[in-house]
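Q: Next up, work.cif (mmCIF, C-alpha atoms).
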data_run
#
loop_
_atom_site.label_atom_id
_atom_site.label_comp_id
_atom_site.auth_asym_id
_atom_site.auth_seq_id
_atom_site.Cartn_x
_atom_site.Cartn_y
_atom_site.Cartn_z
CA MET A 1 -55.32 22.99 -43.02
CA SER A 2 -55.65 20.67 -40.09
CA LYS A 3 -58.88 18.81 -39.63
CA ASN A 4 -60.87 19.00 -36.46
CA PRO A 5 -60.43 15.58 -34.76
CA ARG A 6 -63.88 15.73 -33.24
CA LEU A 7 -65.58 16.34 -36.58
CA GLU A 8 -63.43 13.63 -38.11
CA GLY A 9 -64.49 11.21 -35.38
CA ASP A 10 -68.15 12.09 -35.80
CA HIS A 11 -67.88 11.58 -39.55
CA PHE A 12 -66.28 8.19 -38.96
CA LYS A 13 -69.11 7.16 -36.62
CA GLN A 14 -71.69 8.15 -39.24
CA GLU A 15 -69.87 6.09 -41.83
CA MET A 16 -69.77 3.14 -39.44
CA ASP A 17 -73.49 3.52 -38.76
CA HIS A 18 -74.20 3.36 -42.48
CA PHE A 19 -71.91 0.36 -42.81
CA ILE A 20 -73.36 -1.52 -39.86
CA SER A 21 -77.07 -1.55 -40.47
CA PRO A 22 -79.67 -2.60 -37.92
CA ASN A 23 -80.03 -5.87 -39.80
CA SER A 24 -76.28 -6.47 -39.66
CA LEU A 25 -74.64 -9.21 -37.63
CA PHE A 26 -72.45 -6.55 -35.97
CA THR A 27 -73.64 -5.30 -32.62
CA SER A 28 -72.97 -1.98 -30.95
CA VAL A 29 -70.29 -3.74 -28.86
CA ASP A 30 -68.53 -4.78 -32.07
CA ARG A 31 -68.80 -1.23 -33.34
CA GLU A 32 -67.22 0.13 -30.15
CA ARG A 33 -64.35 -2.35 -30.39
CA VAL A 34 -63.64 -1.33 -33.97
CA VAL A 35 -63.74 2.35 -32.98
CA GLU A 36 -61.38 1.74 -30.02
CA ARG A 37 -58.88 -0.12 -32.20
CA ILE A 38 -58.89 2.63 -34.78
CA LYS A 39 -58.42 5.29 -32.10
CA GLY A 40 -55.53 3.29 -30.63
CA ALA A 41 -53.94 3.00 -34.05
CA LYS A 42 -54.31 6.75 -34.53
CA LYS A 43 -52.61 7.42 -31.19
CA ARG A 44 -49.70 5.13 -32.09
CA LYS A 45 -49.51 6.72 -35.49
CA SER A 46 -49.49 10.20 -33.97
CA TRP A 47 -46.50 9.25 -31.79
CA TRP A 48 -44.54 7.61 -34.58
CA GLY A 49 -45.76 10.27 -36.97
CA HIS A 50 -43.40 12.73 -35.24
CA PRO A 51 -39.93 11.48 -36.13
CA ARG A 52 -38.28 14.46 -34.47
CA ILE A 53 -39.55 13.38 -31.07
CA VAL A 54 -38.49 9.77 -31.58
CA LEU A 55 -35.06 10.77 -32.89
CA SER A 56 -34.61 13.25 -30.05
CA VAL A 57 -35.30 10.56 -27.45
CA LEU A 58 -32.91 8.12 -29.16
CA LEU A 59 -30.23 10.78 -29.43
CA LEU A 60 -30.66 11.61 -25.75
CA PHE A 61 -30.04 7.96 -24.81
CA ILE A 62 -26.98 7.73 -27.05
CA VAL A 63 -25.43 10.97 -25.79
CA SER A 64 -26.10 10.21 -22.13
CA GLY A 65 -24.60 6.71 -22.50
CA THR A 66 -21.50 8.12 -24.18
CA LEU A 67 -21.07 10.82 -21.53
CA TYR A 68 -21.48 8.26 -18.78
CA GLY A 69 -18.76 6.11 -20.35
CA VAL A 70 -16.39 9.07 -20.67
CA MET A 71 -17.07 10.24 -17.12
CA GLN A 72 -16.63 6.72 -15.76
CA THR A 73 -13.26 6.32 -17.51
CA THR A 74 -12.10 9.75 -16.32
CA THR A 75 -13.15 9.02 -12.75
CA ASP A 76 -11.45 5.63 -12.78
CA LYS A 77 -8.22 7.11 -14.14
CA GLU A 78 -8.14 9.80 -11.48
CA THR A 79 -8.87 7.45 -8.57
CA VAL A 80 -6.16 4.92 -9.45
CA SER A 81 -3.20 5.63 -7.21
CA ALA A 82 0.07 3.81 -6.54
CA GLU A 83 -1.27 2.58 -3.20
CA PHE A 84 -4.40 1.30 -4.94
CA VAL A 85 -2.34 -0.59 -7.53
CA LEU A 86 0.03 -2.06 -4.95
CA SER A 87 -2.82 -3.28 -2.74
CA ASN A 88 -5.13 -4.59 -5.51
CA VAL A 89 -2.87 -6.01 -8.23
CA SER A 90 -1.13 -9.34 -7.59
CA THR A 91 0.56 -11.97 -9.70
CA GLY A 92 -1.61 -14.76 -11.02
CA MET A 93 -4.50 -12.43 -11.91
CA SER A 94 -6.03 -12.72 -15.38
CA LYS A 95 -5.78 -10.05 -18.08
CA GLN A 96 -9.48 -9.26 -17.59
CA GLU A 97 -9.02 -8.76 -13.85
CA ILE A 98 -6.14 -6.37 -14.51
CA ARG A 99 -8.21 -4.45 -17.08
CA ASN A 100 -11.05 -4.20 -14.56
CA ILE A 101 -8.63 -2.57 -12.10
CA LEU A 102 -6.41 -0.46 -14.38
CA GLY A 103 -8.73 0.05 -17.36
CA THR A 104 -8.31 -0.63 -21.04
CA ASN A 105 -6.22 2.41 -21.93
CA TYR A 106 -2.82 0.74 -22.23
CA VAL A 107 -0.01 0.52 -24.77
CA GLU A 108 1.46 -2.79 -25.90
CA VAL A 109 5.24 -2.50 -25.77
CA GLU A 110 8.12 -4.69 -26.86
CA GLN A 111 10.37 -6.45 -24.42
CA SER A 112 14.07 -5.60 -24.39
CA MET A 113 16.21 -8.34 -25.88
CA ASP A 114 18.21 -8.88 -22.70
CA SER A 115 15.17 -9.31 -20.44
CA GLY A 116 15.14 -13.12 -20.40
CA PRO A 117 11.93 -15.12 -21.08
CA VAL A 118 9.46 -13.61 -23.53
CA PHE A 119 6.38 -11.99 -21.98
CA THR A 120 3.52 -9.84 -23.24
CA LEU A 121 3.97 -6.31 -21.86
CA ASN A 122 1.30 -3.62 -21.44
CA ARG A 123 2.13 -0.14 -20.16
CA TYR A 124 -0.46 2.02 -18.41
CA ASP A 125 0.31 5.74 -18.42
CA PHE A 126 -1.30 8.08 -15.91
CA PRO A 127 -0.23 11.57 -17.05
CA VAL A 128 -1.04 14.67 -15.03
CA LYS A 129 -2.05 16.54 -18.18
CA GLU A 130 -4.00 14.76 -20.91
CA ASP A 131 -1.86 16.27 -23.68
CA TYR A 132 1.37 14.79 -22.25
CA VAL A 133 2.32 11.57 -24.04
CA PHE A 134 5.27 9.29 -23.34
CA GLU A 135 6.21 7.48 -26.52
CA SER A 136 8.47 4.49 -26.34
CA PRO A 137 7.85 1.20 -28.15
CA MET A 138 10.12 -0.62 -25.68
CA ASP A 139 9.60 -1.57 -22.04
CA ASP A 140 10.92 1.75 -20.72
CA LEU A 141 9.38 3.71 -17.89
CA ASP A 142 9.11 7.52 -18.01
CA LEU A 143 11.55 8.40 -15.24
CA GLU A 144 11.90 12.06 -16.32
CA GLY A 145 8.14 12.50 -16.69
CA VAL A 146 7.49 11.27 -13.15
CA ARG A 147 10.36 13.33 -11.72
CA SER A 148 9.15 16.50 -13.42
CA GLY A 149 5.51 15.91 -12.44
CA LYS A 150 4.20 15.50 -15.99
CA MET A 151 3.46 11.81 -15.39
CA ARG A 152 1.69 10.88 -12.15
CA MET A 153 2.68 7.22 -12.43
CA GLN A 154 3.20 4.36 -14.86
CA VAL A 155 2.46 0.68 -14.48
CA MET A 156 4.11 -1.96 -16.68
CA VAL A 157 2.33 -5.33 -16.46
CA LYS A 158 3.96 -8.55 -17.62
CA TYR A 159 1.78 -11.46 -18.79
CA ASP A 160 2.77 -15.06 -19.26
CA GLY A 161 -0.06 -16.18 -21.53
CA GLU A 162 -3.29 -14.94 -19.91
CA LEU A 163 -1.95 -14.57 -16.35
CA LEU A 164 -0.04 -11.74 -14.70
CA LYS A 165 3.56 -12.77 -14.07
CA GLY A 166 4.65 -9.49 -12.46
CA TYR A 167 4.56 -5.72 -12.77
CA SER A 168 6.61 -2.57 -12.27
CA ILE A 169 5.28 0.74 -11.06
CA ILE A 170 7.00 4.12 -11.00
CA PHE A 171 5.57 6.94 -8.90
CA LYS A 172 6.43 9.74 -6.48
CA LYS A 173 6.09 9.05 -2.78
CA GLU A 174 4.60 11.61 -0.39
CA ASN A 175 8.12 12.77 0.52
CA GLY A 176 8.73 13.68 -3.16
CA LYS A 177 11.11 10.80 -3.88
CA THR A 178 10.64 8.91 -7.16
CA VAL A 179 10.41 5.15 -6.65
CA ILE A 180 10.28 2.14 -8.96
CA GLN A 181 8.72 -0.91 -7.39
CA ASN A 182 9.04 -4.30 -9.12
CA VAL A 183 6.61 -7.00 -7.99
CA SER A 184 7.01 -10.63 -9.03
CA GLY A 185 5.08 -13.05 -6.84
CA ASP A 186 6.14 -12.52 -3.23
CA ASP A 187 9.37 -10.86 -4.37
CA ILE A 188 9.10 -7.06 -4.12
CA GLN A 189 12.04 -4.91 -5.13
CA VAL A 190 12.02 -1.17 -4.35
CA ILE A 191 14.44 1.09 -6.23
CA GLN A 192 14.69 4.71 -5.10
CA VAL A 193 15.83 6.75 -8.07
CA ASP A 194 16.44 10.08 -6.35
#
Once you've parsed the file, please lay out its structure as structure tokens.

A:
Amino acid sequence: MSKNPRLEGDHFKQEMDHFISPNSLFTSVDRERVVERIKGAKKRKSWWGHPRIVLSVLLLFIVSGTLYGVMQTTTDKETVSAEFVLSNVSTGMSKQEIRNILGTNYVEVEQSMDSGPVFTLNRYDFPVKEDYVFESPMDDLDLEGVRSGKMRMQVMVKYDGELLKGYSIIFKKENGKTVIQNVSGDDIQVIQVD
């Protein structure tokens, strides 16, 4: 059975009156302060006394933060285009700057033996369908995937230490032609594959 809060409060006041006698050093102001503090403690206790509410609020924050992160990543992936990459990515940028532009969803790949100096290579895949995966541990680009329309584009970035040395991008132009563009400093090489 739940107790009536009003009766409980009245009972408490009677107990306080018996405790604080007229000859006591406590005044009515002191009594009111004690009563206010106890009421405040009861209110706090009533809020924390309902763990379902507290857990529901915490869960709401966690779920909304996770959904925001997923939506932000999805939006970023969809808005990155070949034109965007070509106009915003340039040699000399740091790894963090590249990750701010292209995201953190990349694959570290190995450099072919005949490629010359050793660089760190990261490949960014932008598939049309999420279930399409291009798997190659080497520094290959998915020419067939881009031609067939399964892969929207791929970007292979080449780091020398912490700085971008160059990058390659494969994509379809508006006229339907598949193009590989290699950028290294001011040197830009365009290879039309079909």

Q: Evaluate the PyMOL selection byres ((chain A and resi 149) around 10) and record the selected residues as a PDB file with C-alpha atoms, in the coordinates of the input, following the chain and residue labels used in the document.

A:
ATOM      1  CA  PRO A 127      -0.230  11.570 -17.050  1.00  0.00           C
ATOM      2  CA  VAL A 128      -1.040  14.670 -15.030  1.00  0.00           C
ATOM      3  CA  LYS A 129      -2.050  16.540 -18.180  1.00  0.00           C
ATOM      4  CA  GLU A 144      11.900  12.060 -16.320  1.00  0.00           C
ATOM      5  CA  GLY A 145       8.140  12.500 -16.690  1.00  0.00           C
ATOM      6  CA  VAL A 146       7.490  11.270 -13.150  1.00  0.00           C
ATOM      7  CA  ARG A 147      10.360  13.330 -11.720  1.00  0.00           C
ATOM      8  CA  SER A 148       9.150  16.500 -13.420  1.00  0.00           C
ATOM      9  CA  LYS A 150       4.200  15.500 -15.990  1.00  0.00           C
ATOM     10  CA  MET A 151       3.460  11.810 -15.390  1.00  0.00           C
ATOM     11  CA  ARG A 152       1.690  10.880 -12.150  1.00  0.00           C
ATOM     12  CA  MET A 153       2.680   7.220 -12.430  1.00  0.00           C
ATOM     13  CA  PHE A 171       5.570   6.940  -8.900  1.00  0.00           C
ATOM     14  CA  LYS A 172       6.430   9.740  -6.480  1.00  0.00           C
TER      15      LYS A 172
END

Q: Which of these residues is nearest to Asp186 (chain A), using all atoms listed in the file: A:Gly166, A:Leu58, A:Gln154, A:His11?

A: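 Residue with the minimum atom-to-atom distance to Asp186 (chain A): A:Gly166.
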
Q: What's the separation between CA of Val109 (chain A) and CA of Asp125 (chain A), in Å to one decimal place?

A: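 Atom-to-atom, CA of Val109 (chain A) and CA of Asp125 (chain A) are spaced 12.1 Å apart.
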
Q: Rounded to one decimal place, report the CA of Ser168 (chain A)-CA of Ser184 (chain A) distance in Å.

A: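 Between CA of Ser168 (chain A) and CA of Ser184 (chain A) the gap works out to 8.7 Å.
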
Q: Record the distance separating CA of Tyr124 (chain A) and CA of Val155 (chain A), expressed in Å with one decimal.

A: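 Straight-line distance from CA of Tyr124 (chain A) to CA of Val155 (chain A) works out to 5.1 Å.
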
Q: Can you pull out the residues contacting Leu86 (chain A)? Cut-off 10 Å, using only C-alpha atoms, and skip same-chain residues under 6 positions away; I want them as a PDB file with C-alpha atoms, keeping the file's coordinate frame.

A:
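Contents of part_37.pdb, freshly written:
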ATOM      1  CA  TYR A 167       4.560  -5.720 -12.770  1.00  0.00           C
ATOM      2  CA  SER A 168       6.610  -2.570 -12.270  1.00  0.00           C
ATOM      3  CA  ILE A 169       5.280   0.740 -11.060  1.00  0.00           C
ATOM      4  CA  GLN A 181       8.720  -0.910  -7.390  1.00  0.00           C
ATOM      5  CA  VAL A 183       6.610  -7.000  -7.990  1.00  0.00           C
TER       6      VAL A 183
END

Q: On this file, the PyMOL selection byres ((chain A and resi 88) around 12) gives some set of residues; write that set as a PyMOL selection string.

A: chain A and resi 80-87+89-91+93+97-102

Q: Would you translate the PyMOL selection byres ((chain A and resi 162) around 12) into the concrete set of residues it matches in this file, as a ChimeraX atom specification?

A: /A:91-99,119-121,157-161,163-165

Q: Using only C-alpha atoms, which of the listed residues (A:Met156, A:Val118, A:Glu110, A:Asp10) sits closest to Pro137 (chain A)?

A: A:Glu110

Q: Pick out the closest residue to Lys177 (chain A) from this set: A:Gly65, A:Gln189, A:Glu130, A:Leu143. Count only C-alpha atoms.

A: A:Leu143

Q: Using all atoms listed in the file, which residues sit within 10 Å of Ile191 (chain A) once same-chain residues fewer than 4 positions away are excluded, as a list in words?

A: Ile170, Thr178, Val179, Ile180, Gln181 and Asn182 of chain A

Q: Considering only C-alpha atoms, state which residue in the set A:Val34, A:Glu174, A:Ser112, A:Ser64 is at the smallest distance from Ser136 (chain A).

A: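 Of A:Val34, A:Glu174, A:Ser112, A:Ser64, the one nearest Ser136 (chain A) is A:Ser112, counting only C-alpha atoms.
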